[in-house]
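Reproduced below: protein17.tsv, with TSV, C-alpha atoms.
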```
chain	number	residue	atom	x	y	z
A	1	MET	CA	96.58	113.44	77.40
A	2	SER	CA	99.42	112.45	75.11
A	3	GLU	CA	101.58	109.75	76.57
A	4	ARG	CA	104.64	111.84	75.63
A	5	GLN	CA	103.83	114.12	78.57
A	6	LEU	CA	104.75	111.38	81.04
A	7	PRO	CA	108.54	111.17	81.60
A	8	SER	CA	110.43	108.07	80.51
A	9	LEU	CA	110.58	105.09	82.84
A	10	ARG	CA	114.25	105.80	83.52
A	11	THR	CA	113.42	109.39	84.50
A	12	LEU	CA	110.63	108.20	86.79
A	13	LEU	CA	113.00	105.81	88.52
A	14	GLU	CA	115.75	108.39	88.86
A	15	ALA	CA	113.41	110.97	90.39
A	16	LEU	CA	111.89	108.54	92.90
A	17	ILE	CA	115.28	107.28	94.09
A	18	ALA	CA	116.62	110.84	94.32
A	19	THR	CA	113.81	111.89	96.68
A	20	PRO	CA	114.56	110.77	100.27
A	21	SER	CA	111.60	109.31	102.17
A	22	VAL	CA	113.03	107.32	105.07
A	23	SER	CA	110.57	106.24	107.74
A	24	SER	CA	111.69	105.05	111.14
A	25	VAL	CA	110.36	104.61	114.65
A	26	ASN	CA	113.43	106.63	115.67
A	27	PRO	CA	112.61	110.35	115.20
A	28	ASP	CA	116.30	111.03	114.50
A	29	PHE	CA	116.01	109.14	111.20
A	30	ASP	CA	112.35	109.69	110.33
A	31	GLN	CA	111.54	111.78	107.26
A	32	GLY	CA	108.37	112.75	105.42
A	33	ASN	CA	107.18	111.18	102.18
A	34	LEU	CA	105.23	114.17	100.86
A	35	ALA	CA	107.82	115.02	98.19
A	36	VAL	CA	107.49	111.52	96.71
A	37	ILE	CA	103.70	111.71	96.88
A	38	GLU	CA	103.72	115.04	95.04
A	39	LEU	CA	105.98	113.64	92.33
A	40	LEU	CA	103.61	110.72	91.81
A	41	ALA	CA	100.57	112.98	91.89
A	42	GLY	CA	101.91	115.16	89.09
A	43	TRP	CA	102.80	112.22	86.88
A	44	LEU	CA	99.49	110.46	87.49
A	45	GLU	CA	97.51	113.60	86.69
A	46	ASP	CA	99.47	113.88	83.42
A	47	ALA	CA	98.51	110.25	82.72
A	48	GLY	CA	94.81	111.07	83.14
A	49	PHE	CA	94.21	109.74	86.65
A	50	ALA	CA	91.98	111.47	89.19
A	51	VAL	CA	94.36	112.01	92.11
A	52	GLU	CA	93.71	112.42	95.84
A	53	ILE	CA	96.41	113.20	98.39
A	54	LEU	CA	95.37	112.14	101.88
A	55	PRO	CA	97.54	113.65	104.65
A	56	LEU	CA	98.21	111.58	107.77
A	57	PRO	CA	97.93	113.11	111.25
A	58	ALA	CA	101.15	113.60	113.17
A	59	PRO	CA	101.90	110.71	115.54
A	60	PRO	CA	101.09	111.23	119.24
A	61	GLY	CA	103.66	113.36	121.03
A	62	ARG	CA	105.29	114.50	117.77
A	63	PRO	CA	103.43	117.60	116.56
A	64	ASP	CA	106.48	118.68	114.55
A	65	ALA	CA	106.89	115.31	112.78
A	66	PRO	CA	107.63	115.55	109.04
A	67	PRO	CA	104.50	115.54	106.84
A	68	LYS	CA	103.29	112.25	105.45
A	69	ALA	CA	100.44	111.26	103.16
A	70	ASN	CA	98.81	108.49	101.16
A	71	LEU	CA	97.80	108.86	97.52
A	72	ILE	CA	94.86	107.28	95.69
A	73	ALA	CA	94.85	107.75	91.90
A	74	THR	CA	91.96	106.38	89.85
A	75	LEU	CA	91.63	105.84	86.11
A	76	GLY	CA	88.15	104.95	84.85
A	77	ARG	CA	84.89	104.44	86.65
A	78	GLY	CA	82.56	101.70	87.73
A	79	PRO	CA	82.42	98.94	90.31
A	80	GLY	CA	85.21	96.64	91.36
A	81	GLY	CA	88.57	97.33	89.82
A	82	LEU	CA	92.23	96.60	90.46
A	83	VAL	CA	94.64	98.33	92.86
A	84	LEU	CA	98.37	98.42	92.16
A	85	ALA	CA	99.89	99.39	95.50
A	86	GLY	CA	103.29	100.37	96.82
A	87	HIS	CA	104.76	102.10	99.83
A	88	THR	CA	106.74	105.27	99.22
A	89	ASP	CA	109.06	105.04	102.24
A	90	THR	CA	112.39	103.30	102.65
A	91	VAL	CA	114.39	102.11	105.62
A	92	PRO	CA	117.32	104.22	106.84
A	93	CYS	CA	120.71	103.57	105.25
A	94	ASP	CA	124.41	104.10	105.91
A	95	PRO	CA	125.78	105.81	102.78
A	96	GLY	CA	129.34	104.97	103.81
A	97	ARG	CA	128.65	101.28	103.25
A	98	TRP	CA	127.39	101.82	99.68
A	99	ARG	CA	129.59	101.75	96.57
A	100	SER	CA	127.53	104.61	95.12
A	101	ASP	CA	125.22	107.35	96.37
A	102	PRO	CA	122.05	105.58	97.63
A	103	PHE	CA	119.98	108.54	96.43
A	104	ARG	CA	121.25	108.40	92.86
A	105	LEU	CA	120.16	105.67	90.46
A	106	GLU	CA	123.28	103.96	89.12
A	107	GLU	CA	123.41	101.08	86.66
A	108	ARG	CA	126.22	98.55	87.06
A	109	GLU	CA	126.41	95.14	85.40
A	110	GLY	CA	122.72	95.00	84.58
A	111	ARG	CA	121.59	96.17	88.01
A	112	LEU	CA	119.90	99.42	88.99
A	113	HIS	CA	121.33	100.43	92.38
A	114	GLY	CA	119.69	102.88	94.78
A	115	LEU	CA	117.74	103.02	98.02
A	116	GLY	CA	114.24	101.76	97.20
A	117	THR	CA	115.03	100.11	93.87
A	118	ALA	CA	113.98	96.69	95.20
A	119	ASP	CA	111.90	97.76	98.19
A	120	MET	CA	109.89	99.21	96.51
A	121	LYS	CA	109.78	102.54	94.68
A	122	SER	CA	110.51	100.87	91.35
A	123	PHE	CA	107.14	99.12	91.37
A	124	LEU	CA	105.34	102.46	91.47
A	125	ALA	CA	107.29	103.63	88.40
A	126	LEU	CA	106.53	100.36	86.61
A	127	ALA	CA	102.82	100.65	87.45
A	128	LEU	CA	102.85	104.12	85.88
A	129	GLU	CA	104.65	102.79	82.83
A	130	ALA	CA	102.11	99.97	82.41
A	131	ALA	CA	99.29	102.52	82.60
A	132	ARG	CA	100.94	104.92	80.14
A	133	PRO	CA	98.87	103.98	77.05
A	134	LEU	CA	95.53	103.65	78.90
A	135	ARG	CA	92.58	106.01	78.90
A	136	GLY	CA	89.65	105.91	81.30
A	137	THR	CA	87.31	105.04	78.46
A	138	ASP	CA	89.35	101.88	77.81
A	139	LEU	CA	88.36	100.39	81.16
A	140	ARG	CA	85.26	98.49	82.23
A	141	HIS	CA	86.52	98.56	85.82
A	142	PRO	CA	88.83	101.20	87.31
A	143	LEU	CA	92.58	100.95	87.70
A	144	ILE	CA	93.75	102.43	91.00
A	145	ILE	CA	97.36	103.22	91.84
A	146	LEU	CA	97.85	103.45	95.60
A	147	ALA	CA	100.93	104.90	97.31
A	148	THR	CA	101.25	104.69	101.08
A	149	ALA	CA	103.34	106.06	103.94
A	150	ASP	CA	105.24	104.41	106.79
A	151	GLU	CA	105.14	100.76	105.77
A	152	GLU	CA	108.70	100.38	107.03
A	153	SER	CA	107.82	101.62	110.52
A	154	SER	CA	104.28	101.85	111.88
A	155	MET	CA	102.16	100.98	108.82
A	156	ASP	CA	100.12	104.05	109.74
A	157	GLY	CA	99.41	104.74	106.08
A	158	ALA	CA	97.67	101.40	105.56
A	159	ARG	CA	95.87	101.66	108.91
A	160	ALA	CA	94.55	105.09	107.88
A	161	LEU	CA	93.09	103.58	104.71
A	162	VAL	CA	91.19	100.99	106.73
A	163	LYS	CA	89.68	103.75	108.88
A	164	LEU	CA	88.79	105.67	105.73
A	165	GLY	CA	87.26	102.61	104.06
A	166	ARG	CA	89.15	103.26	100.82
A	167	PRO	CA	90.14	102.44	98.20
A	168	ALA	CA	87.16	100.33	97.24
A	169	ALA	CA	88.11	97.72	94.66
A	170	ARG	CA	87.84	93.98	94.11
A	171	TYR	CA	91.48	93.03	93.70
A	172	ALA	CA	94.87	94.38	94.79
A	173	ILE	CA	98.50	93.65	93.97
A	174	ILE	CA	101.22	94.97	96.28
A	175	GLY	CA	104.56	95.22	94.50
A	176	GLU	CA	106.86	94.22	97.36
A	177	PRO	CA	110.05	92.37	96.34
A	178	THR	CA	109.04	88.77	95.66
A	179	GLY	CA	111.15	88.03	92.57
A	180	LEU	CA	107.93	88.07	90.50
A	181	ARG	CA	106.58	85.10	92.46
A	182	PRO	CA	103.03	85.57	93.81
A	183	VAL	CA	102.57	85.49	97.59
A	184	HIS	CA	99.02	84.81	98.75
A	185	ALA	CA	99.73	84.28	102.46
A	186	HIS	CA	102.18	85.62	104.98
A	187	LYS	CA	102.74	85.72	108.70
A	188	GLY	CA	101.69	88.61	110.92
A	189	MET	CA	103.87	90.65	113.23
A	190	MET	CA	103.61	91.55	116.89
A	191	MET	CA	106.25	93.55	118.81
A	192	GLU	CA	105.64	93.36	122.55
A	193	ALA	CA	107.24	94.40	125.83
A	194	ILE	CA	107.33	92.53	129.14
A	195	ARG	CA	107.85	95.11	131.91
A	196	ILE	CA	108.64	93.97	135.43
A	197	ARG	CA	108.62	96.28	138.45
A	198	GLY	CA	110.33	95.09	141.59
A	199	ARG	CA	111.69	96.95	144.63
A	200	ALA	CA	115.20	98.37	144.70
A	201	GLY	CA	117.35	98.04	147.79
A	202	HIS	CA	120.88	97.40	149.03
A	203	SER	CA	122.35	94.29	147.43
A	204	SER	CA	123.82	93.11	150.75
A	205	ASP	CA	120.39	92.01	151.96
A	206	PRO	CA	118.00	90.50	149.37
A	207	ARG	CA	115.13	90.84	151.90
A	208	LEU	CA	115.21	94.61	151.35
A	209	GLY	CA	113.80	94.39	147.83
A	210	ALA	CA	112.35	92.29	145.05
A	211	ASN	CA	114.77	91.73	142.16
A	212	ALA	CA	113.13	92.48	138.80
A	213	LEU	CA	116.04	90.91	136.93
A	214	GLU	CA	115.54	87.59	138.72
A	215	ALA	CA	111.82	87.83	137.98
A	216	MET	CA	112.65	88.47	134.32
A	217	HIS	CA	114.63	85.23	134.35
A	218	LEU	CA	111.37	83.47	135.24
A	219	ALA	CA	109.45	85.47	132.66
A	220	LEU	CA	111.93	84.66	129.89
A	221	GLY	CA	111.76	80.99	130.76
A	222	GLU	CA	107.97	81.14	130.55
A	223	LEU	CA	108.15	83.03	127.24
A	224	LEU	CA	110.37	80.37	125.68
A	225	ALA	CA	108.15	77.60	127.04
A	226	TRP	CA	105.15	79.37	125.49
A	227	ARG	CA	107.01	79.57	122.18
A	228	ALA	CA	107.56	75.81	122.24
A	229	ASP	CA	103.88	75.31	123.07
A	230	LEU	CA	102.76	77.55	120.18
A	231	GLN	CA	105.06	75.75	117.76
A	232	ALA	CA	103.64	72.40	118.86
A	233	ARG	CA	100.07	73.63	118.39
A	234	TYR	CA	100.38	75.59	115.13
A	235	HIS	CA	101.95	74.27	111.95
A	236	GLN	CA	101.41	75.24	108.31
A	237	ALA	CA	103.69	73.48	105.86
A	238	ALA	CA	103.47	76.25	103.24
A	239	PHE	CA	105.62	78.53	105.42
A	240	THR	CA	109.37	78.48	106.03
A	241	PRO	CA	109.69	77.96	108.92
A	242	PRO	CA	106.28	76.25	109.16
A	243	VAL	CA	105.60	77.43	112.72
A	244	PRO	CA	105.11	80.79	114.46
A	245	THR	CA	108.43	82.31	115.48
A	246	LEU	CA	109.24	84.31	118.61
A	247	ASN	CA	112.49	86.24	119.01
A	248	PRO	CA	113.56	87.89	122.30
A	249	GLY	CA	115.42	90.85	120.82
A	250	HIS	CA	116.21	93.42	123.53
A	251	ILE	CA	116.51	93.47	127.32
A	252	HIS	CA	117.52	96.16	129.77
A	253	GLY	CA	117.16	96.69	133.51
A	254	GLY	CA	118.78	97.85	136.72
A	255	ASP	CA	121.45	100.48	137.14
A	256	ASN	CA	124.25	99.23	139.42
A	257	PRO	CA	125.67	95.90	140.65
A	258	ASN	CA	125.21	96.82	144.32
A	259	ARG	CA	121.51	97.71	143.98
A	260	ILE	CA	118.69	95.20	143.83
A	261	CYS	CA	117.27	95.60	140.34
A	262	GLY	CA	114.02	97.57	140.60
A	263	GLN	CA	112.83	97.25	137.02
A	264	CYS	CA	113.56	95.24	133.91
A	265	GLU	CA	112.10	95.24	130.40
A	266	LEU	CA	112.23	92.68	127.58
A	267	HIS	CA	111.16	93.28	123.96
A	268	PHE	CA	110.24	90.43	121.65
A	269	ASP	CA	108.93	89.85	118.14
A	270	LEU	CA	106.22	87.26	117.41
A	271	ARG	CA	105.28	86.19	113.86
A	272	PRO	CA	101.87	84.45	114.01
A	273	LEU	CA	100.47	82.22	111.29
A	274	PRO	CA	97.13	82.92	109.56
A	275	GLY	CA	94.30	82.13	111.95
A	276	MET	CA	96.20	83.23	115.06
A	277	LYS	CA	94.69	86.35	116.69
A	278	ALA	CA	96.85	88.99	118.37
A	279	ALA	CA	94.39	89.76	121.18
A	280	GLU	CA	94.02	86.07	122.05
A	281	LEU	CA	97.79	85.54	122.03
A	282	ARG	CA	98.37	88.51	124.34
A	283	GLU	CA	95.75	87.28	126.79
A	284	GLU	CA	97.21	83.78	126.83
A	285	LEU	CA	100.73	85.06	127.53
A	286	ARG	CA	99.48	87.54	130.12
A	287	HIS	CA	97.88	84.69	132.06
A	288	ARG	CA	101.02	82.54	131.88
A	289	LEU	CA	103.29	85.36	133.05
A	290	ALA	CA	101.02	86.19	135.98
A	291	ARG	CA	101.11	82.58	137.09
A	292	ALA	CA	104.89	82.23	136.62
A	293	LEU	CA	105.66	85.39	138.65
A	294	ALA	CA	102.97	84.98	141.30
A	295	ASP	CA	105.50	84.45	144.10
A	296	SER	CA	108.22	86.80	142.85
A	297	GLY	CA	107.12	89.90	144.75
A	298	CYS	CA	107.20	91.81	141.45
A	299	GLU	CA	104.55	93.27	139.17
A	300	VAL	CA	104.47	92.25	135.53
A	301	GLU	CA	102.94	94.06	132.56
A	302	LEU	CA	102.61	92.91	128.95
A	303	ALA	CA	102.22	95.79	126.47
A	304	PRO	CA	102.41	96.18	122.67
A	305	LEU	CA	105.30	98.25	121.35
A	306	MET	CA	103.24	99.01	118.23
A	307	ASP	CA	99.93	98.00	116.72
A	308	SER	CA	100.15	94.46	115.42
A	309	THR	CA	99.96	93.53	111.74
A	310	PRO	CA	97.65	90.57	111.10
A	311	PRO	CA	98.61	87.63	108.89
A	312	LEU	CA	97.53	87.50	105.24
A	313	PHE	CA	95.59	84.69	103.64
A	314	THR	CA	93.97	85.01	100.22
A	315	ALA	CA	92.24	81.82	99.14
A	316	PRO	CA	94.12	79.88	96.44
A	317	ASP	CA	90.94	79.70	94.34
A	318	SER	CA	90.66	83.50	94.14
A	319	PRO	CA	90.62	84.67	90.50
A	320	LEU	CA	93.49	87.01	91.33
A	321	VAL	CA	95.66	84.27	92.82
A	322	ALA	CA	94.95	82.04	89.82
A	323	ALA	CA	95.75	84.86	87.38
A	324	ALA	CA	98.96	85.81	89.23
A	325	ALA	CA	100.14	82.20	89.14
A	326	SER	CA	99.24	81.76	85.48
A	327	LEU	CA	100.77	85.03	84.28
A	328	SER	CA	103.93	84.79	86.39
A	329	GLY	CA	104.53	81.10	85.75
A	330	HIS	CA	104.89	80.41	89.49
A	331	ASP	CA	102.50	78.83	91.98
A	332	ALA	CA	101.35	81.13	94.77
A	333	GLU	CA	103.52	80.89	97.88
A	334	ALA	CA	103.54	81.79	101.56
A	335	ALA	CA	106.11	84.16	103.09
A	336	ALA	CA	107.55	84.67	106.57
A	337	TYR	CA	107.70	88.49	106.34
A	338	CYS	CA	104.68	90.77	106.53
A	339	THR	CA	103.31	93.59	104.34
A	340	GLU	CA	100.39	96.00	104.08
A	341	ALA	CA	98.36	93.31	102.30
A	342	PRO	CA	96.19	92.32	105.32
A	343	PHE	CA	94.92	95.90	105.56
A	344	LEU	CA	93.82	95.87	101.93
A	345	SER	CA	92.16	92.52	102.62
A	346	GLN	CA	90.24	94.20	105.43
A	347	LEU	CA	88.90	96.61	102.80
A	348	GLY	CA	87.35	93.65	100.97
A	349	MET	CA	89.99	93.06	98.30
A	350	ASP	CA	91.53	89.77	97.29
A	351	THR	CA	95.20	90.69	97.68
A	352	VAL	CA	98.41	89.22	96.29
A	353	VAL	CA	101.98	90.38	96.91
A	354	LEU	CA	104.13	90.34	93.77
A	355	GLY	CA	106.94	92.62	92.68
A	356	PRO	CA	110.15	92.63	90.61
A	357	GLY	CA	112.72	93.03	93.38
A	358	ASP	CA	114.22	90.34	95.59
A	359	ILE	CA	113.71	90.26	99.34
A	360	ALA	CA	117.40	89.38	99.72
A	361	GLN	CA	118.24	92.85	98.39
A	362	ALA	CA	115.91	94.74	100.73
A	363	HIS	CA	117.30	96.70	103.70
A	364	ARG	CA	120.96	96.27	102.75
A	365	PRO	CA	123.76	98.36	101.22
A	366	ASP	CA	123.93	98.51	97.42
A	367	GLU	CA	120.27	97.51	97.10
A	368	TYR	CA	119.43	96.86	93.48
A	369	LEU	CA	116.81	95.86	90.92
A	370	ASP	CA	117.94	93.54	88.16
A	371	THR	CA	117.18	95.22	84.82
A	372	ALA	CA	116.14	91.82	83.44
A	373	ARG	CA	113.06	92.01	85.70
A	374	ILE	CA	111.69	95.18	84.09
A	375	ALA	CA	110.24	93.70	80.88
A	376	PRO	CA	108.58	90.70	82.61
A	377	THR	CA	107.06	93.01	85.22
A	378	LEU	CA	105.61	95.29	82.58
A	379	SER	CA	104.27	92.27	80.68
A	380	PHE	CA	102.65	90.93	83.83
A	381	LEU	CA	101.09	94.28	84.76
A	382	THR	CA	99.81	94.86	81.23
A	383	GLN	CA	98.13	91.45	81.17
A	384	VAL	CA	96.64	91.72	84.66
A	385	ILE	CA	95.21	95.16	83.84
A	386	GLU	CA	93.78	93.72	80.63
A	387	ARG	CA	92.17	90.84	82.52
A	388	PHE	CA	90.66	92.73	85.48
A	389	CYS	CA	90.10	96.27	84.19
A	390	ILE	CA	89.58	96.05	80.43
A	391	ARG	CA	87.96	92.65	79.96
A	392	GLY	CA	86.47	92.77	83.43
A	393	VAL	CA	86.91	89.12	84.37
```

Written form, structure tokens:
Amino acid sequence: MSERQLPSLRTLLEALIATPSVSSVNPDFDQGNLAVIELLAGWLEDAGFAVEILPLPAPPGRPDAPPKANLIATLGRGPGGLVLAGHTDTVPCDPGRWRSDPFRLEEREGRLHGLGTADMKSFLALALEAARPLRGTDLRHPLIILATADEESSMDGARALVKLGRPAARYAIIGEPTGLRPVHAHKGMMMEAIRIRGRAGHSSDPRLGANALEAMHLALGELLAWRADLQARYHQAAFTPPVPTLNPGHIHGGDNPNRICGQCELHFDLRPLPGMKAAELREELRHRLARALADSGCEVELAPLMDSTPPLFTAPDSPLVAAAASLSGHDAEAAAYCTEAPFLSQLGMDTVVLGPGDIAQAHRPDEYLDTARIAPTLSFLTQVIERFCIRGV
């Protein structure tokens, strides 16, 4: 097809930003991403890609949840290949805190403002732009553009791909906001709940019950002691901070000052380093909590709030890591946040995270992409496609 049939890069960006696709664990904010997927599908078909839209099942207990889907678009045939991946969803926003409409692309002082400009709809438009002149017959190995759902909430889109066993390629680049610096390793993420059940009773006589709030005091002390233990045992200098982090983020329990607290719940976030396994960490903490609360008269339960995301580690000697460092002019780094990259690694791909936005702009009012990043991103993508799809290194 003639490349004139694909809209301009500016039009691609405007349309993506104008199409809401918020994902959230809160159903009040959660939206579908199908409109964005359909936009991408039409453009990719015009660019000569074979396009598949893969609907996701509704989450448990939410049969009326908005529709969501992944997209796999393939140009060329053969083994191996390169995936350029991005998530189509954004976090919620408060329009009243923005200087302009978050769903309208606005350029001010060399910056493109709009929800998703940095994190990370712009990368999908730039991947399309880099592929604009290509034909399937140009490629020794396929170029695959992957668009996913729900990265900002459950990562259900990436988890669905693992179950499907696709896409099948050798290398993958995820265009999250890294300031065009390659990330080859990042921490994982676990969100867990400690639930304590005691016995309620009249506060005038503590013998009438078992206070879950007092037991939670013991549990929190044990949790913080475990954090110190983990940070003494695990250290990787490439990360900032170089240790696993654990943040107690939410606690609630009881209902009245004159009632012995019958139940209490604490939520925390744990960011493990590569090599640390979620199942082993849960079992270790479960054992410590049981021991700490053995004489409390309360029951304790440790439960995940969501499926964990494993850490990422792609070997520094991977051809993709070496190419990303060479072409970007920056050594590969490690990051404290997490992405969908570990799921693509589970599919057998060497995976690097690299995109034009800045993480400091993500999830905040007046999010923007610096226009000066557009040309270097396109240059990088053109060269990496040349290296892994056309020359077939």

Which polymer residues have any atom within 7 Å of an atom of range 31-41 of chain A, counting only C-alpha atoms, with same-chain residues fewer than 3 positions away left out, as a CSV table (one decimal) with C-alpha atoms, in the coordinates of the input?
```csv
chain,number,residue,atom,x,y,z
A,16,LEU,CA,111.9,108.5,92.9
A,19,THR,CA,113.8,111.9,96.7
A,21,SER,CA,111.6,109.3,102.2
A,22,VAL,CA,113.0,107.3,105.1
A,23,SER,CA,110.6,106.2,107.7
A,44,LEU,CA,99.5,110.5,87.5
A,45,GLU,CA,97.5,113.6,86.7
A,51,VAL,CA,94.4,112.0,92.1
A,66,PRO,CA,107.6,115.6,109.0
A,67,PRO,CA,104.5,115.5,106.8
A,68,LYS,CA,103.3,112.2,105.4
A,69,ALA,CA,100.4,111.3,103.2
A,71,LEU,CA,97.8,108.9,97.5
A,88,THR,CA,106.7,105.3,99.2
A,89,ASP,CA,109.1,105.0,102.2
A,149,ALA,CA,103.3,106.1,103.9
```

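Of the residues listed (A:Gly253, A:Gly42, A:Gly81, A:Pro310), A:Pro310 shows the shortest atom-to-atom separation from Met191 in chain A; distances use all atoms listed in the file.
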
Got a sec: who's within 8 Å of range 138-142 of chain A, counting all atoms listed in the file, leaving out chain neighbours fewer than 6 positions off, as an MDAnalysis selection string?
-> chainID A and resid 74:82 388:392

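Residue nearest Ile53 in chain A within the list A:Glu107, A:Val352, A:Leu347, A:Ala147: A:Ala147 [criterion: smallest interatomic distance, all atoms listed in the file].
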
Counting all atoms listed in the file, what is within 6 Å of range 117-119 of chain A, bar same-chain residues fewer than 2 positions away, as a PyMOL selection string?
-> chain A and resi 114-115+121-122+177+357+362+368-369

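CA of Leu220 in chain A lies 12.8 Å from CA of Arg286 in chain A.
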
Can you check which parts of range 207-270 of chain A lie within 12 Å of range 321-339 of chain A? Per residue, the shortest pair of atoms and distance in Å to one decimal, counting only C-alpha atoms, sorted by chain and number, as JSON lines.
```
{"residue": "A:Gln236", "atom": "CA", "partner": "A:Ala334", "partner_atom": "CA", "distance": 9.6}
{"residue": "A:Ala237", "atom": "CA", "partner": "A:Ala334", "partner_atom": "CA", "distance": 9.4}
{"residue": "A:Ala238", "atom": "CA", "partner": "A:Ala334", "partner_atom": "CA", "distance": 5.8}
{"residue": "A:Phe239", "atom": "CA", "partner": "A:Ala334", "partner_atom": "CA", "distance": 5.5}
{"residue": "A:Thr240", "atom": "CA", "partner": "A:Ala336", "partner_atom": "CA", "distance": 6.5}
{"residue": "A:Pro241", "atom": "CA", "partner": "A:Ala336", "partner_atom": "CA", "distance": 7.4}
{"residue": "A:Pro242", "atom": "CA", "partner": "A:Ala336", "partner_atom": "CA", "distance": 8.9}
{"residue": "A:Val243", "atom": "CA", "partner": "A:Ala336", "partner_atom": "CA", "distance": 9.7}
{"residue": "A:Pro244", "atom": "CA", "partner": "A:Ala336", "partner_atom": "CA", "distance": 9.1}
{"residue": "A:Thr245", "atom": "CA", "partner": "A:Ala336", "partner_atom": "CA", "distance": 9.3}
{"residue": "A:Asp269", "atom": "CA", "partner": "A:Tyr337", "partner_atom": "CA", "distance": 11.9}
{"residue": "A:Leu270", "atom": "CA", "partner": "A:Ala336", "partner_atom": "CA", "distance": 11.2}
```

Same residues, C-alpha atoms, saved as a JSON list (two decimals), in the frame of the given file:
```json
[["chain", "number", "residue", "atom", "x", "y", "z"],
["A", 236, "GLN", "CA", 101.41, 75.24, 108.31],
["A", 237, "ALA", "CA", 103.69, 73.48, 105.86],
["A", 238, "ALA", "CA", 103.47, 76.25, 103.24],
["A", 239, "PHE", "CA", 105.62, 78.53, 105.42],
["A", 240, "THR", "CA", 109.37, 78.48, 106.03],
["A", 241, "PRO", "CA", 109.69, 77.96, 108.92],
["A", 242, "PRO", "CA", 106.28, 76.25, 109.16],
["A", 243, "VAL", "CA", 105.60, 77.43, 112.72],
["A", 244, "PRO", "CA", 105.11, 80.79, 114.46],
["A", 245, "THR", "CA", 108.43, 82.31, 115.48],
["A", 269, "ASP", "CA", 108.93, 89.85, 118.14],
["A", 270, "LEU", "CA", 106.22, 87.26, 117.41]]
```

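Using all atoms listed in the file for every distance, the candidate list A:Leu223, A:Ala279, A:Ile194, A:Cys298 yields A:Ile194 as the residue closest to His267 in chain A.
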
Near Leu128 in chain A, counting only C-alpha atoms, which residues have an atom at most 12 Å away, once you skip same-chain residues fewer than 5 positions from it, shown as an NGL selection string?
-> :A and (3 or 6-13 or 39-49 or 73-75 or 84-86 or 121-123 or 133-134 or 143-147 or 377-378 or 381-382 or 385)

With C-alpha atoms retained, export the selected residues as a PDB file, in the frame of the given file.
```
ATOM      1  CA  GLU A   3     101.580 109.750  76.570  1.00  0.00           C
ATOM      2  CA  LEU A   6     104.750 111.380  81.040  1.00  0.00           C
ATOM      3  CA  PRO A   7     108.540 111.170  81.600  1.00  0.00           C
ATOM      4  CA  SER A   8     110.430 108.070  80.510  1.00  0.00           C
ATOM      5  CA  LEU A   9     110.580 105.090  82.840  1.00  0.00           C
ATOM      6  CA  ARG A  10     114.250 105.800  83.520  1.00  0.00           C
ATOM      7  CA  THR A  11     113.420 109.390  84.500  1.00  0.00           C
ATOM      8  CA  LEU A  12     110.630 108.200  86.790  1.00  0.00           C
ATOM      9  CA  LEU A  13     113.000 105.810  88.520  1.00  0.00           C
ATOM     10  CA  LEU A  39     105.980 113.640  92.330  1.00  0.00           C
ATOM     11  CA  LEU A  40     103.610 110.720  91.810  1.00  0.00           C
ATOM     12  CA  ALA A  41     100.570 112.980  91.890  1.00  0.00           C
ATOM     13  CA  GLY A  42     101.910 115.160  89.090  1.00  0.00           C
ATOM     14  CA  TRP A  43     102.800 112.220  86.880  1.00  0.00           C
ATOM     15  CA  LEU A  44      99.490 110.460  87.490  1.00  0.00           C
ATOM     16  CA  GLU A  45      97.510 113.600  86.690  1.00  0.00           C
ATOM     17  CA  ASP A  46      99.470 113.880  83.420  1.00  0.00           C
ATOM     18  CA  ALA A  47      98.510 110.250  82.720  1.00  0.00           C
ATOM     19  CA  GLY A  48      94.810 111.070  83.140  1.00  0.00           C
ATOM     20  CA  PHE A  49      94.210 109.740  86.650  1.00  0.00           C
ATOM     21  CA  ALA A  73      94.850 107.750  91.900  1.00  0.00           C
ATOM     22  CA  THR A  74      91.960 106.380  89.850  1.00  0.00           C
ATOM     23  CA  LEU A  75      91.630 105.840  86.110  1.00  0.00           C
ATOM     24  CA  LEU A  84      98.370  98.420  92.160  1.00  0.00           C
ATOM     25  CA  ALA A  85      99.890  99.390  95.500  1.00  0.00           C
ATOM     26  CA  GLY A  86     103.290 100.370  96.820  1.00  0.00           C
ATOM     27  CA  LYS A 121     109.780 102.540  94.680  1.00  0.00           C
ATOM     28  CA  SER A 122     110.510 100.870  91.350  1.00  0.00           C
ATOM     29  CA  PHE A 123     107.140  99.120  91.370  1.00  0.00           C
ATOM     30  CA  PRO A 133      98.870 103.980  77.050  1.00  0.00           C
ATOM     31  CA  LEU A 134      95.530 103.650  78.900  1.00  0.00           C
ATOM     32  CA  LEU A 143      92.580 100.950  87.700  1.00  0.00           C
ATOM     33  CA  ILE A 144      93.750 102.430  91.000  1.00  0.00           C
ATOM     34  CA  ILE A 145      97.360 103.220  91.840  1.00  0.00           C
ATOM     35  CA  LEU A 146      97.850 103.450  95.600  1.00  0.00           C
ATOM     36  CA  ALA A 147     100.930 104.900  97.310  1.00  0.00           C
ATOM     37  CA  THR A 377     107.060  93.010  85.220  1.00  0.00           C
ATOM     38  CA  LEU A 378     105.610  95.290  82.580  1.00  0.00           C
ATOM     39  CA  LEU A 381     101.090  94.280  84.760  1.00  0.00           C
ATOM     40  CA  THR A 382      99.810  94.860  81.230  1.00  0.00           C
ATOM     41  CA  ILE A 385      95.210  95.160  83.840  1.00  0.00           C
TER      42      ILE A 385
END
```

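Relative to CA of Phe268 in chain A, CA of His250 in chain A is found at 6.9 Å.
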
Name the residues in contact with range 153-159 of chain A at a cut-off of 10 Å, using only C-alpha atoms, excluding same-chain residues fewer than 5 positions from it; report them as a PyMOL selection string.
-> chain A and resi 22-26+30+54-57+59+68-71+87+89-91+147-148+164-166+306-309+339-344+346
